[in-house]
file structure34.csv (CSV, C-alpha atoms)
chain,number,residue,atom,x,y,z
U,1,MET,CA,102.3,96.3,75.4
U,2,LEU,CA,101.0,93.3,73.5
U,3,THR,CA,101.4,89.9,75.2
U,4,VAL,CA,101.7,87.3,72.4
U,5,LEU,CA,100.8,83.7,73.4
U,6,TYR,CA,101.0,82.0,70.0
U,7,GLU,CA,102.0,83.1,66.5
U,8,ASP,CA,102.4,81.7,63.0
U,9,ASN,CA,101.7,82.9,59.4
U,10,HIS,CA,97.9,82.6,59.8
U,11,CYS,CA,97.2,83.1,63.6
U,12,LEU,CA,98.0,85.4,66.4
U,13,ALA,CA,96.8,84.7,69.9
U,14,VAL,CA,97.3,87.3,72.5
U,15,ASN,CA,96.4,87.9,76.2
U,16,LYS,CA,94.0,90.8,76.3
U,17,PRO,CA,94.1,93.0,79.5
U,18,ALA,CA,90.8,94.0,81.0
U,19,ARG,CA,89.8,97.6,80.1
U,20,VAL,CA,91.2,97.2,76.5
U,21,LEU,CA,88.7,97.1,73.6
U,22,THR,CA,89.0,94.1,71.3
U,23,MET,CA,88.0,96.3,68.3
U,24,GLY,CA,87.8,100.1,68.1
U,25,ASP,CA,84.5,101.9,68.8
U,26,SER,CA,83.2,105.4,69.1
U,27,THR,CA,85.4,106.2,72.0
U,28,GLY,CA,88.5,106.2,69.8
U,29,ASP,CA,90.5,104.4,72.4
U,30,GLU,CA,93.3,102.2,71.3
U,31,SER,CA,92.2,98.6,70.7
U,32,LEU,CA,93.8,95.2,70.8
U,33,VAL,CA,93.6,95.1,67.0
U,34,ASP,CA,95.5,98.4,66.8
U,35,GLN,CA,98.2,97.0,69.1
U,36,ALA,CA,98.3,93.8,67.0
U,37,ARG,CA,98.7,95.7,63.7
U,38,GLU,CA,101.5,97.8,65.2
U,39,TYR,CA,103.2,94.7,66.5
U,40,ILE,CA,103.2,92.9,63.1
U,41,ARG,CA,104.2,96.1,61.3
U,42,GLN,CA,107.3,96.5,63.5
U,43,LYS,CA,108.3,92.9,63.8
U,44,TYR,CA,108.0,92.0,60.1
U,45,HIS,CA,108.8,95.5,58.7
U,46,LYS,CA,105.5,95.6,56.8
U,47,PRO,CA,104.7,98.9,55.0
U,48,GLY,CA,101.2,100.2,54.6
U,49,GLN,CA,98.1,98.6,56.0
U,50,VAL,CA,98.5,95.4,58.0
U,51,TYR,CA,95.8,92.8,57.9
U,52,VAL,CA,94.4,91.6,61.3
U,53,GLY,CA,91.1,89.6,61.2
U,54,VAL,CA,88.8,89.5,64.2
U,55,VAL,CA,87.2,86.1,64.6
U,56,HIS,CA,85.7,86.5,68.1
U,57,ARG,CA,85.7,89.1,70.9
U,58,LEU,CA,86.0,89.6,74.6
U,59,ASP,CA,84.0,92.3,76.4
U,60,ARG,CA,86.0,95.3,77.4
U,61,PRO,CA,86.2,94.5,81.2
U,62,VAL,CA,87.1,90.9,80.5
U,63,SER,CA,90.7,89.6,80.2
U,64,GLY,CA,92.3,86.6,78.6
U,65,VAL,CA,93.0,84.8,75.3
U,66,VAL,CA,91.9,86.4,72.1
U,67,LEU,CA,92.6,84.7,68.8
U,68,LEU,CA,93.2,86.9,65.8
U,69,ALA,CA,93.9,86.0,62.1
U,70,ARG,CA,96.8,87.3,60.1
U,71,THR,CA,95.4,86.3,56.7
U,72,SER,CA,91.9,86.4,55.1
U,73,LYS,CA,92.0,82.7,54.6
U,74,GLY,CA,92.8,82.2,58.3
U,75,ALA,CA,90.0,84.6,59.3
U,76,ALA,CA,87.4,82.8,57.2
U,77,ARG,CA,88.3,79.3,58.4
U,78,LEU,CA,88.6,80.3,62.1
U,79,SER,CA,85.3,82.3,62.0
U,80,GLU,CA,83.6,79.2,60.6
U,81,GLN,CA,84.8,77.2,63.6
U,82,PHE,CA,83.4,79.8,66.0
U,83,ARG,CA,80.1,79.8,64.2
U,84,ASP,CA,79.9,76.0,64.2
U,85,GLY,CA,80.8,75.8,67.9
U,86,THR,CA,83.8,73.6,67.5
U,87,VAL,CA,86.2,76.0,69.4
U,88,THR,CA,86.5,75.1,73.1
U,89,LYS,CA,86.6,78.2,75.3
U,90,VAL,CA,87.4,77.9,79.0
U,91,TYR,CA,87.1,80.8,81.5
U,92,GLN,CA,87.8,81.4,85.1
U,93,ALA,CA,85.6,83.7,87.3
U,94,LEU,CA,85.4,84.9,90.8
U,95,VAL,CA,81.8,84.8,91.9
U,96,THR,CA,79.7,85.4,95.1
U,97,GLY,CA,76.7,83.5,96.2
U,98,PRO,CA,75.7,79.9,96.9
U,99,CYS,CA,78.0,78.0,94.5
U,100,PRO,CA,77.3,74.3,93.5
U,101,THR,CA,79.7,71.8,95.1
U,102,GLN,CA,80.2,70.0,91.8
U,103,GLN,CA,80.0,70.6,88.1
U,104,VAL,CA,76.6,71.7,86.8
U,105,THR,CA,75.3,72.5,83.3
U,106,TRP,CA,72.7,75.2,82.8
U,107,ARG,CA,70.4,75.7,79.8
U,108,ASP,CA,68.7,79.1,79.6
U,109,TRP,CA,67.2,81.3,77.0
U,110,LEU,CA,68.8,84.8,76.5
U,111,LEU,CA,67.3,87.9,74.9
U,112,LYS,CA,69.4,90.9,74.0
U,113,ASP,CA,68.3,94.5,74.3
U,114,GLU,CA,70.3,96.0,71.4
U,115,ALA,CA,69.4,99.6,72.4
U,116,ARG,CA,70.8,99.2,76.0
U,117,ASN,CA,73.4,96.5,75.2
U,118,THR,CA,72.2,94.3,77.9
U,119,VAL,CA,71.0,90.7,78.0
U,120,ARG,CA,68.5,88.9,80.2
U,121,CYS,CA,67.2,85.4,80.8
U,122,VAL,CA,63.7,84.9,79.6
U,123,ALA,CA,61.2,82.0,79.2
U,124,GLU,CA,61.7,79.5,76.5
U,125,GLY,CA,59.7,80.5,73.4
U,126,THR,CA,60.1,84.2,73.9
U,127,PRO,CA,60.5,85.8,70.5
U,128,GLY,CA,64.1,86.6,69.6
U,129,ALA,CA,65.5,84.6,72.5
U,130,ARG,CA,68.4,82.2,71.9
U,131,GLU,CA,69.2,79.0,73.7
U,132,SER,CA,72.4,79.2,75.8
U,133,ILE,CA,74.2,76.3,77.5
U,134,LEU,CA,77.0,76.7,80.1
U,135,SER,CA,78.9,74.3,82.4
U,136,CYS,CA,80.3,75.5,85.7
U,137,ARG,CA,82.5,73.8,88.3
U,138,PRO,CA,84.0,75.2,91.5
U,139,LEU,CA,87.8,75.3,91.7
U,140,ASP,CA,88.6,77.1,95.0
U,141,ARG,CA,87.0,79.2,97.7
U,142,PRO,CA,89.1,82.2,98.6
U,143,GLY,CA,87.3,83.9,101.5
U,144,GLN,CA,83.7,84.7,100.7
U,145,ARG,CA,84.2,84.3,97.0
U,146,THR,CA,84.4,81.2,94.8
U,147,LEU,CA,86.8,80.6,91.9
U,148,VAL,CA,84.9,78.7,89.2
U,149,GLU,CA,85.8,77.3,85.8
U,150,VAL,CA,83.2,78.0,83.1
U,151,THR,CA,82.8,76.4,79.7
U,152,PRO,CA,80.2,78.0,77.4
U,153,LEU,CA,78.8,75.5,74.9
U,154,THR,CA,77.1,78.2,72.9
U,155,GLY,CA,78.5,81.7,72.0
U,156,ARG,CA,76.0,84.3,73.0
U,157,SER,CA,76.6,88.0,73.9
U,158,HIS,CA,77.3,88.4,77.6
U,159,GLN,CA,76.4,84.8,78.1
U,160,ILE,CA,78.6,83.9,81.0
U,161,ARG,CA,77.9,87.1,82.8
U,162,VAL,CA,74.1,86.8,82.5
U,163,GLN,CA,73.8,83.0,83.2
U,164,LEU,CA,76.0,83.2,86.3
U,165,SER,CA,74.0,86.1,87.6
U,166,HIS,CA,70.7,84.4,86.8
U,167,HIS,CA,71.8,81.4,88.9
U,168,ARG,CA,72.7,83.7,91.8
U,169,LEU,CA,76.5,83.7,91.2
U,170,PRO,CA,77.2,87.3,89.9
U,171,ILE,CA,80.8,87.9,88.8
U,172,VAL,CA,82.8,90.1,91.2
U,173,GLY,CA,82.8,93.6,90.0
U,174,ASP,CA,80.1,93.1,87.3
U,175,ALA,CA,77.6,95.7,88.5
U,176,LYS,CA,75.9,95.6,85.1
U,177,TYR,CA,74.7,92.1,86.0
U,178,GLY,CA,74.0,92.3,89.7
U,179,SER,CA,77.3,92.3,91.6
U,180,THR,CA,77.7,94.5,94.6
U,181,GLU,CA,81.3,93.4,95.2
U,182,PRO,CA,84.1,95.9,94.5
U,183,PHE,CA,86.9,95.0,92.0
U,184,ARG,CA,89.6,96.9,90.2
U,185,GLU,CA,88.0,99.9,88.3
U,186,GLY,CA,86.9,99.0,84.7
U,187,CYS,CA,87.5,95.3,85.3
U,188,ILE,CA,85.3,92.3,86.2
U,189,ALA,CA,86.6,89.0,87.6
U,190,LEU,CA,86.2,87.0,84.4
U,191,HIS,CA,89.2,85.7,82.4
U,192,ALA,CA,89.4,83.7,79.2
U,193,SER,CA,92.0,81.2,80.4
U,194,ALA,CA,92.2,78.8,77.5
U,195,LEU,CA,91.1,78.4,73.8
U,196,THR,CA,91.3,75.2,71.7
U,197,PHE,CA,90.9,75.4,67.9
U,198,ARG,CA,91.9,73.6,64.7
U,199,HIS,CA,94.7,75.3,62.8
U,200,PRO,CA,93.2,76.9,59.6
U,201,THR,CA,95.7,75.4,57.2
U,202,ARG,CA,97.3,72.4,59.1
U,203,ASP,CA,95.7,69.2,60.5
U,204,GLU,CA,96.5,70.3,64.0
U,205,THR,CA,94.6,71.1,67.2
U,206,ILE,CA,96.1,74.0,69.1
U,207,THR,CA,95.4,75.0,72.7
U,208,VAL,CA,96.4,78.5,73.9
U,209,ALA,CA,96.4,79.4,77.6
U,210,ALA,CA,96.8,82.5,79.7
U,211,PRO,CA,97.2,82.8,83.5
U,212,VAL,CA,94.7,84.9,85.4
U,213,PRO,CA,95.9,88.5,86.1
U,214,GLY,CA,98.3,88.8,89.0
U,215,PHE,CA,96.1,91.4,90.8
U,216,TRP,CA,93.4,88.7,91.3
U,217,ARG,CA,95.5,87.3,94.1
call {"tool": "encode", "arguments": {"input": "structure34.csv", "output": "structure tokens"}}
result
Amino acid sequence: MLTVLYEDNHCLAVNKPARVLTMGDSTGDESLVDQAREYIRQKYHKPGQVYVGVVHRLDRPVSGVVLLARTSKGAARLSEQFRDGTVTKVYQALVTGPCPTQQVTWRDWLLKDEARNTVRCVAEGTPGARESILSCRPLDRPGQRTLVEVTPLTGRSHQIRVQLSHHRLPIVGDAKYGSTEPFREGCIALHASALTFRHPTRDETITVAAPVPGFWR
């Protein structure tokens, strides 16, 4: 069932559960976009094809706020904000390893292997690598794990997962990037907790937030 966090004529922000695709892929599994289209179709009694524009994505095992567009104008203007880096994205993650005691900012260079859909940190100047900047601060320490707040200042594929792992803080459950800690099947302990953007047609800044999944506790 779709959990709507914010809605108007141009925007639809929802809370994506982990294990749900943002957009459809070769698996044919139902996606968040499929659910959003059906929600709009039923709520507004819209016949035919319903427009839902994707302006950013979350990886399948990640939960949290996803912003969708309900109009092509909204999609174009929101996509421009994501490209320009003016959207503020805040995440929470459970990590293991020697966590800093205060906020730190990391600047790394990431290179994506398209064939394997993996990303790694490489030396500056490596052909194809892109600069990636991330801030991280500890929030709490439940047991042997640390709850951290993460704010990516760039928008690279798998950026948070790779940079945390590179700095010896793998996300719980993220075996793809070095975690040996078990977590709920198909999920990693990474959650998009807040998103701040400019409304595409009004002079207004909007922040949408979503609590971490209950099973994290």
call {"tool": "closest_atom_pairs", "arguments": {"input": "structure34.csv", "of": "stretch 48-130 of chain U", "to": "stretch 10-32 of chain U", "cutoff": "9 Å", "atoms": "only C-alpha atoms", "output": "Markdown table"}}
result
| residue | atom | partner | partner_atom | distance |
| --- | --- | --- | --- | --- |
| U:Val52 | CA | U:Leu12 | CA | 8.8 |
| U:Val54 | CA | U:Met23 | CA | 8.0 |
| U:His56 | CA | U:Thr22 | CA | 8.9 |
| U:Arg57 | CA | U:Thr22 | CA | 6.0 |
| U:Leu58 | CA | U:Thr22 | CA | 6.3 |
| U:Asp59 | CA | U:Leu21 | CA | 7.3 |
| U:Arg60 | CA | U:Leu21 | CA | 5.0 |
| U:Pro61 | CA | U:Ala18 | CA | 4.6 |
| U:Val62 | CA | U:Ala18 | CA | 4.9 |
| U:Ser63 | CA | U:Ala18 | CA | 4.5 |
| U:Gly64 | CA | U:Asn15 | CA | 4.9 |
| U:Val65 | CA | U:Asn15 | CA | 4.7 |
| U:Val66 | CA | U:Val14 | CA | 5.5 |
| U:Leu67 | CA | U:Ala13 | CA | 4.3 |
| U:Leu68 | CA | U:Leu12 | CA | 5.1 |
| U:Ala69 | CA | U:Cys11 | CA | 4.6 |
| U:Arg70 | CA | U:His10 | CA | 4.8 |
| U:Thr71 | CA | U:His10 | CA | 5.4 |
| U:Ser72 | CA | U:His10 | CA | 8.5 |
| U:Lys73 | CA | U:His10 | CA | 7.9 |
| U:Gly74 | CA | U:His10 | CA | 5.3 |
| U:Ala75 | CA | U:His10 | CA | 8.2 |
call {"tool": "residues_around", "arguments": {"input": "structure34.csv", "residues": "U:Thr88", "least_positions_apart": "5", "cutoff": "9 Å", "atoms": "only C-alpha atoms", "output": "PyMOL selection string"}}
result
chain U and resi 151-153+194-197+207
call {"tool": "residues_near_point", "arguments": {"input": "structure34.csv", "point": "(66.0, 88.5, 67.0)", "cutoff": "12 Å", "atoms": "all atoms listed in the file", "output": "list in words"}}
result
Leu110, Leu111, Lys112, Asp113, Glu114, Thr126, Pro127, Gly128, Ala129 and Arg130 of chain U
call {"tool": "atom_distance", "arguments": {"input": "structure34.csv", "atom1": "atom CA of U:Ala93", "atom2": "atom CA of U:Ile160"}}
result
9.4 Å
call {"tool": "closest_residue", "arguments": {"input": "structure34.csv", "among": "U:Leu94, U:Ala175, U:Gly186, U:Thr101", "to": "U:Gln144", "atoms": "only C-alpha atoms"}}
result
U:Leu94
call {"tool": "residues_near_point", "arguments": {"input": "structure34.csv", "point": "(84.3, 80.2, 92.3)", "cutoff": "9 Å", "atoms": "only C-alpha atoms", "output": "ChimeraX atom specification"}}
result
/U:92-96,99,137-142,145-149,169
call {"tool": "atom_distance", "arguments": {"input": "structure34.csv", "atom1": "atom CA of U:Cys187", "atom2": "atom CA of U:Pro170"}}
result
13.8 Å
call {"tool": "atom_distance", "arguments": {"input": "structure34.csv", "atom1": "atom CA of U:Glu185", "atom2": "atom CA of U:Thr118"}}
result
19.7 Å
call {"tool": "closest_residue", "arguments": {"input": "structure34.csv", "among": "U:Tyr44, U:Ala209, U:Tyr91, U:Phe183", "to": "U:Tyr6", "atoms": "only C-alpha atoms"}}
result
U:Ala209
call {"tool": "residues_around", "arguments": {"input": "structure34.csv", "residues": "U:Trp216", "least_positions_apart": "2", "cutoff": "10 Å", "atoms": "all atoms listed in the file", "output": "NGL selection string"}}
result
:U and (94 or 183-184 or 189 or 212-214)
call {"tool": "write_last_selection", "arguments": {"input": "structure34.csv", "atoms": "C-alpha atoms", "output": "PDB file, keeping the file's coordinate frame"}}
result
ATOM      1  CA  LEU U  94      85.400  84.900  90.800  1.00  0.00           C
ATOM      2  CA  PHE U 183      86.900  95.000  92.000  1.00  0.00           C
ATOM      3  CA  ARG U 184      89.600  96.900  90.200  1.00  0.00           C
ATOM      4  CA  ALA U 189      86.600  89.000  87.600  1.00  0.00           C
ATOM      5  CA  VAL U 212      94.700  84.900  85.400  1.00  0.00           C
ATOM      6  CA  PRO U 213      95.900  88.500  86.100  1.00  0.00           C
ATOM      7  CA  GLY U 214      98.300  88.800  89.000  1.00  0.00           C
TER       8      GLY U 214
END
call {"tool": "closest_residue", "arguments": {"input": "structure34.csv", "among": "U:Val4, U:Val208, U:Val90, U:Ala192", "to": "U:Tyr39", "atoms": "only C-alpha atoms"}}
result
U:Val4
